[in-house]
Amino acid sequence: MTKEVDVVVIGAGPAGSVASSKLIKEGLKVLVLEKMQFPRFVIGESLLPHSMDYLDELGLLPAVEALKFQVKTGACFYHDGERCDFLFENQFSEGWSYTFQVKRADFDHALIKEAEKQGAEVEFQAEVTDVKTSAAKQVVTYRDKNGDIHEVHCRFVMDASGYGRVLPQMFNLEVPVATPPRGAVFAHLDDTRRTPEDGRNIFVHAFNDNTAWIWSIPFSDGTASVGIVGNKEFVEECYADGGKLFKQKVAEFPGLNGRYDGVEFMFEPRLIVNYAVSVKQVYGEGYVLCGNSTEFLDPIFSSGVTLAISSGYKAAALVAKQLHGEQVDWENDYSVVLKKGIDVFRTYVLAWYEGTLGDIFFSEKVDDLIRQQICSVLAGYVWDETNPFVKKHSTLVNAVAHIVKM
């Protein structure tokens with residue numbers, strides 16, 4: 001028998017969970033198809049405060065809070081012996097003063113289980129093999145965990161498949177990005193040596209003439225996610241020989257003060273490369289992309305989950321509006337809006353690797369108001385155009401960087 005629902009959501013990560021929750025609240029029947037079995041490991045563990053707005057509105061936050069993740073109050077940047085802290089309580093935008101550092105296996109699982117409790121039907125180990133779209137009806141074909149093939153008829157398809165990028169690959173939507181190929185090598189480590197201050201914030205330290213950086217993300221169970229990001233050749237060198245160079249740098253890195261010297265690795269270093277990708281378009285007849293299916297920039301400002309959650313919410317709100325018979329301008333109400341937020345983050349990512357953002361962070365010439373406005377960007381409030389460093393992001397970042405160098 002052919003199954004019929006209002007919306008098929010491909011992927012059960014944060015974008016898919018939030019989209020499903022929003023659609024259910026709008027009275028729609030939702031089927032989530034997830035290729036993996038949850039819980040499953042995925043990198044990208046440091047949230048931004050703006051994501052809390054959506055989780056709270058949709059009633060997903062209590063399920064997250066129940067897991068007692070490590071509270072994150074800001075971000076610490078370190079360079080050449082200098083330290084610069086941004087605390088979210090000091091940001092310019094009206095928003096949350098904290099968020100969480102999460103193990104994504106637990107976080108993602110909690111979100112999709114809560115969406116399921118709210119009424120979404122979720123099928124794990126379901127691989128989408130074909131999607132046919134039209135103005136009135138969409139047909140999704142998938143293979144279940146037993147290898148059986150099923151066909152679902154729906155009114156709309158949302159691709160929240162993340163790195164799986166189901167529709168971008170199926171519909172030939174992928175395009176290369178202008179940034180050089182980068183990658184990351186990472187592991188989870190024992191972090192019982194950390195101080196209480198170390199536990200509150202993500203630690204970021206640029207090196208190799210700002211072409212590479214190291215992260216440390218503390219978890220509430222006394223472990224931490226530690227990784228190095230850099231150009232493809234460098235991270236592959238760090239990963240070689242069982243992660244020999246990675247382990248050496250983690251043990252000796254300035255600013256970490258021997259915190260990870262000789263500690264236990266929860267798993268051996270892993271490698272991911274060439275993760276930055278974009279698409280020609282984020283919507284089409286009968287479908288829309290959200291989360292990392294649209295574009296993934298770089299992990300430097302932990303923007304991935306926030307963009308996934310916000311795009312999942314924004315797309316689902318428009319899908320519901322259209323399915324309830326209202327007119328939707330997908331270009332201006334979604335594509336343009338989403339691009340604005342991504343472009344703000346892109347400005348800061350490029351400025352980070354150029355070194356100009358570091359010049360601003362560590363300059364005594366930068367006043368408190370500018371720091372507060374930049375802090376709001378780091379908190380994920382990249383659609384708040386009352387903030388000059390959002391509204392005029394590219395010109396202001398370059399102008400301030402020029403001034404501090406004078």
# chains A, B, ... in the order shown; residues from 1 in each chain; ligands from 1

call {"tool": "residues_around", "arguments": {"residues": "region 16-33 of chain A", "least_positions_apart": "6", "cutoff": "9 Å", "atoms": "only C-alpha atoms", "output": "number ranges by chain"}}
result
A: 4-10, 54-55, 58-60, 108, 111-116, 118-128, 142, 158-161, 290-291, 308-317, 319-321, 323

call {"tool": "residues_around", "arguments": {"residues": "Asp333 (chain A)", "least_positions_apart": "4", "cutoff": "10 Å", "atoms": "only C-alpha atoms", "output": "mmCIF file with C-alpha atoms, in the first residue's frame"}}
result
data_model
loop_
_atom_site.group_PDB
_atom_site.id
_atom_site.type_symbol
_atom_site.label_atom_id
_atom_site.label_comp_id
_atom_site.auth_asym_id
_atom_site.auth_seq_id
_atom_site.Cartn_x
_atom_site.Cartn_y
_atom_site.Cartn_z
ATOM 1 C CA LYS A 314 12.035 29.025 8.455
ATOM 2 C CA ALA A 315 11.495 26.489 5.658
ATOM 3 C CA LEU A 318 6.722 28.483 4.702
ATOM 4 C CA VAL A 328 4.608 31.868 -0.615
ATOM 5 C CA ASP A 329 7.431 33.792 -2.257
ATOM 6 C CA VAL A 337 16.646 35.506 3.868
ATOM 7 C CA LEU A 338 18.760 32.382 4.305
#

call {"tool": "atom_distance", "arguments": {"atom1": "CA of Val229 (chain A)", "atom2": "CA of Ile214 (chain A)"}}
result
6.3 Å

call {"tool": "residues_around", "arguments": {"residues": "Asp191 (chain A)", "least_positions_apart": "3", "cutoff": "12 Å", "atoms": "only C-alpha atoms", "output": "PyMOL selection string"}}
result
chain A and resi 187-188+194-196+198-199+216-226+250-251+256+258-266

call {"tool": "write_last_selection", "arguments": {"atoms": "N, CA and C atoms", "output": "CSV table (one decimal), in the first residue's frame"}}
result
chain,number,residue,atom,x,y,z
A,187,ALA,N,39.2,14.3,17.9
A,187,ALA,CA,39.0,13.1,18.7
A,187,ALA,C,38.3,13.6,20.0
A,188,HIS,N,37.8,12.7,20.8
A,188,HIS,CA,37.3,13.0,22.2
A,188,HIS,C,38.3,12.5,23.2
A,194,ARG,N,40.8,20.1,33.5
A,194,ARG,CA,40.3,21.5,33.2
A,194,ARG,C,39.9,22.2,34.5
A,195,THR,N,40.0,23.5,34.4
A,195,THR,CA,39.5,24.4,35.5
A,195,THR,C,38.1,24.7,35.2
A,196,PRO,N,37.3,25.2,36.2
A,196,PRO,CA,35.9,25.6,36.0
A,196,PRO,C,35.8,26.6,34.9
A,198,ASP,N,37.7,26.9,32.2
A,198,ASP,CA,37.9,26.1,31.0
A,198,ASP,C,36.7,25.4,30.5
A,199,GLY,N,35.8,25.0,31.5
A,199,GLY,CA,34.7,24.2,31.2
A,199,GLY,C,33.5,25.1,30.6
A,216,SER,N,38.9,23.3,21.4
A,216,SER,CA,38.6,22.5,22.6
A,216,SER,C,37.2,22.8,23.1
A,217,ILE,N,36.4,21.7,23.1
A,217,ILE,CA,35.0,21.9,23.5
A,217,ILE,C,34.7,21.0,24.7
A,218,PRO,N,34.6,21.5,25.9
A,218,PRO,CA,34.4,20.7,27.1
A,218,PRO,C,32.9,20.1,27.2
A,219,PHE,N,32.8,18.9,27.6
A,219,PHE,CA,31.5,18.2,27.8
A,219,PHE,C,31.3,18.0,29.3
A,220,SER,N,30.1,17.9,29.7
A,220,SER,CA,29.7,17.8,31.1
A,220,SER,C,30.2,16.4,31.8
A,221,ASP,N,30.5,15.4,31.0
A,221,ASP,CA,31.0,14.2,31.5
A,221,ASP,C,32.5,14.1,31.8
A,222,GLY,N,33.2,15.2,31.7
A,222,GLY,CA,34.6,15.3,32.0
A,222,GLY,C,35.5,14.9,30.8
A,223,THR,N,34.9,14.8,29.6
A,223,THR,CA,35.6,14.7,28.4
A,223,THR,C,35.5,15.9,27.5
A,224,ALA,N,36.2,16.0,26.4
A,224,ALA,CA,36.2,17.1,25.5
A,224,ALA,C,36.4,16.7,24.1
A,225,SER,N,35.8,17.5,23.2
A,225,SER,CA,36.1,17.4,21.8
A,225,SER,C,37.3,18.3,21.4
A,226,VAL,N,38.3,17.7,20.8
A,226,VAL,CA,39.5,18.5,20.5
A,226,VAL,C,39.8,18.3,19.0
A,250,VAL,N,48.2,18.6,20.3
A,250,VAL,CA,47.2,18.7,21.4
A,250,VAL,C,47.9,18.7,22.7
A,251,ALA,N,49.0,17.9,22.9
A,251,ALA,CA,49.7,17.9,24.2
A,251,ALA,C,50.4,19.1,24.5
A,256,LEU,N,46.7,25.9,26.2
A,256,LEU,CA,46.0,24.7,26.8
A,256,LEU,C,46.8,24.2,28.0
A,258,GLY,N,49.2,22.2,28.8
A,258,GLY,CA,49.4,20.7,29.1
A,258,GLY,C,48.1,20.0,29.5
A,259,ARG,N,47.0,20.6,29.3
A,259,ARG,CA,45.7,20.0,29.7
A,259,ARG,C,45.4,18.6,29.1
A,260,TYR,N,46.0,18.4,27.9
A,260,TYR,CA,45.7,17.1,27.2
A,260,TYR,C,47.0,16.3,27.0
A,261,ASP,N,48.1,16.6,27.8
A,261,ASP,CA,49.3,15.9,27.7
A,261,ASP,C,49.2,14.6,28.3
A,262,GLY,N,49.3,13.5,27.5
A,262,GLY,CA,49.3,12.1,28.1
A,262,GLY,C,47.9,11.6,28.5
A,263,VAL,N,46.8,12.3,28.2
A,263,VAL,CA,45.5,11.9,28.6
A,263,VAL,C,45.0,10.8,27.7
A,264,GLU,N,43.9,10.1,28.2
A,264,GLU,CA,43.3,9.1,27.4
A,264,GLU,C,42.4,9.6,26.3
A,265,PHE,N,42.5,9.0,25.1
A,265,PHE,CA,41.7,9.3,24.0
A,265,PHE,C,40.5,8.4,24.0
A,266,MET,N,39.3,8.9,23.9
A,266,MET,CA,38.1,8.1,23.9
A,266,MET,C,37.9,7.3,22.6

call {"tool": "residues_around", "arguments": {"residues": "Val131 (chain A)", "least_positions_apart": "5", "cutoff": "7 Å", "atoms": "only C-alpha atoms", "output": "list in words"}}
result
Val139, Val140 and Thr141 of chain A

call {"tool": "select_by_dssp", "arguments": {"residues": "region 130-319 of chain A", "states": "strand (DSSP E)", "output": "ChimeraX atom specification"}}
result
/A:130-132,138-143,149-154,156-159,174-175,182-190,201-207,212-218,223-231,270-273,278-279,283-284,287-289

call {"tool": "closest_residue", "arguments": {"among": "A:His150, A:Lys117, A:Arg346, A:Lys249", "to": "Val177 (chain A)", "atoms": "only C-alpha atoms"}}
result
A:Arg346

call {"tool": "residues_around", "arguments": {"residues": "Gly380 (chain A)", "least_positions_apart": "2", "cutoff": "8 Å", "atoms": "only C-alpha atoms", "output": "number ranges by chain"}}
result
A: 48-51, 303, 306, 376-378, 382

call {"tool": "write_last_selection", "arguments": {"atoms": "N, CA, C and O atoms", "output": "PDB file, in the first residue's frame"}}
result
ATOM      1  N   LEU A  48      25.137  27.640  19.436  1.00  0.00           N
ATOM      2  CA  LEU A  48      25.099  29.088  19.590  1.00  0.00           C
ATOM      3  C   LEU A  48      23.772  29.481  20.234  1.00  0.00           C
ATOM      4  O   LEU A  48      22.751  28.816  20.021  1.00  0.00           O
ATOM      5  N   PRO A  49      23.752  30.563  21.008  1.00  0.00           N
ATOM      6  CA  PRO A  49      22.538  30.949  21.725  1.00  0.00           C
ATOM      7  C   PRO A  49      21.291  31.106  20.854  1.00  0.00           C
ATOM      8  O   PRO A  49      20.183  30.810  21.314  1.00  0.00           O
ATOM      9  N   HIS A  50      21.440  31.554  19.600  1.00  0.00           N
ATOM     10  CA  HIS A  50      20.252  31.778  18.768  1.00  0.00           C
ATOM     11  C   HIS A  50      19.459  30.489  18.550  1.00  0.00           C
ATOM     12  O   HIS A  50      18.231  30.525  18.388  1.00  0.00           O
ATOM     13  N   SER A  51      20.136  29.351  18.560  1.00  0.00           N
ATOM     14  CA  SER A  51      19.429  28.088  18.387  1.00  0.00           C
ATOM     15  C   SER A  51      18.435  27.839  19.513  1.00  0.00           C
ATOM     16  O   SER A  51      17.410  27.169  19.321  1.00  0.00           O
ATOM     17  N   SER A 303      28.724  27.620  13.486  1.00  0.00           N
ATOM     18  CA  SER A 303      27.469  28.095  12.890  1.00  0.00           C
ATOM     19  C   SER A 303      26.602  26.982  12.327  1.00  0.00           C
ATOM     20  O   SER A 303      25.423  27.189  12.049  1.00  0.00           O
ATOM     21  N   THR A 306      23.293  25.973  14.266  1.00  0.00           N
ATOM     22  CA  THR A 306      22.384  27.123  14.313  1.00  0.00           C
ATOM     23  C   THR A 306      21.754  27.392  12.948  1.00  0.00           C
ATOM     24  O   THR A 306      20.546  27.638  12.847  1.00  0.00           O
ATOM     25  N   SER A 376      27.257  39.419  19.286  1.00  0.00           N
ATOM     26  CA  SER A 376      25.945  38.970  18.832  1.00  0.00           C
ATOM     27  C   SER A 376      26.045  38.101  17.587  1.00  0.00           C
ATOM     28  O   SER A 376      25.274  37.153  17.409  1.00  0.00           O
ATOM     29  N   VAL A 377      26.983  38.429  16.697  1.00  0.00           N
ATOM     30  CA  VAL A 377      27.225  37.576  15.529  1.00  0.00           C
ATOM     31  C   VAL A 377      27.732  36.215  15.986  1.00  0.00           C
ATOM     32  O   VAL A 377      27.276  35.167  15.515  1.00  0.00           O
ATOM     33  N   LEU A 378      28.678  36.220  16.933  1.00  0.00           N
ATOM     34  CA  LEU A 378      29.220  34.966  17.451  1.00  0.00           C
ATOM     35  C   LEU A 378      28.161  34.158  18.199  1.00  0.00           C
ATOM     36  O   LEU A 378      28.303  32.943  18.365  1.00  0.00           O
ATOM     37  N   VAL A 382      22.494  36.459  13.352  1.00  0.00           N
ATOM     38  CA  VAL A 382      22.969  37.011  12.087  1.00  0.00           C
ATOM     39  C   VAL A 382      21.844  37.564  11.219  1.00  0.00           C
ATOM     40  O   VAL A 382      22.083  37.981  10.082  1.00  0.00           O
TER      41      VAL A 382
END

call {"tool": "residues_around", "arguments": {"residues": "Ser335 (chain A)", "least_positions_apart": "6", "cutoff": "9 Å", "atoms": "only C-alpha atoms", "output": "PyMOL selection string"}}
result
chain A and resi 281-283

call {"tool": "residues_around", "arguments": {"residues": "Glu354 (chain A)", "least_positions_apart": "3", "cutoff": "12 Å", "atoms": "only C-alpha atoms", "output": "list in words"}}
result
Thr179, Ala206, Asn208, Asp209, Asn210, Thr211, Ala212, Thr347, Tyr348, Val349, Leu350, Ala351, Leu357, Gly358, Asp359, Ile360, Val397, Asn398 and Ala401 of chain A
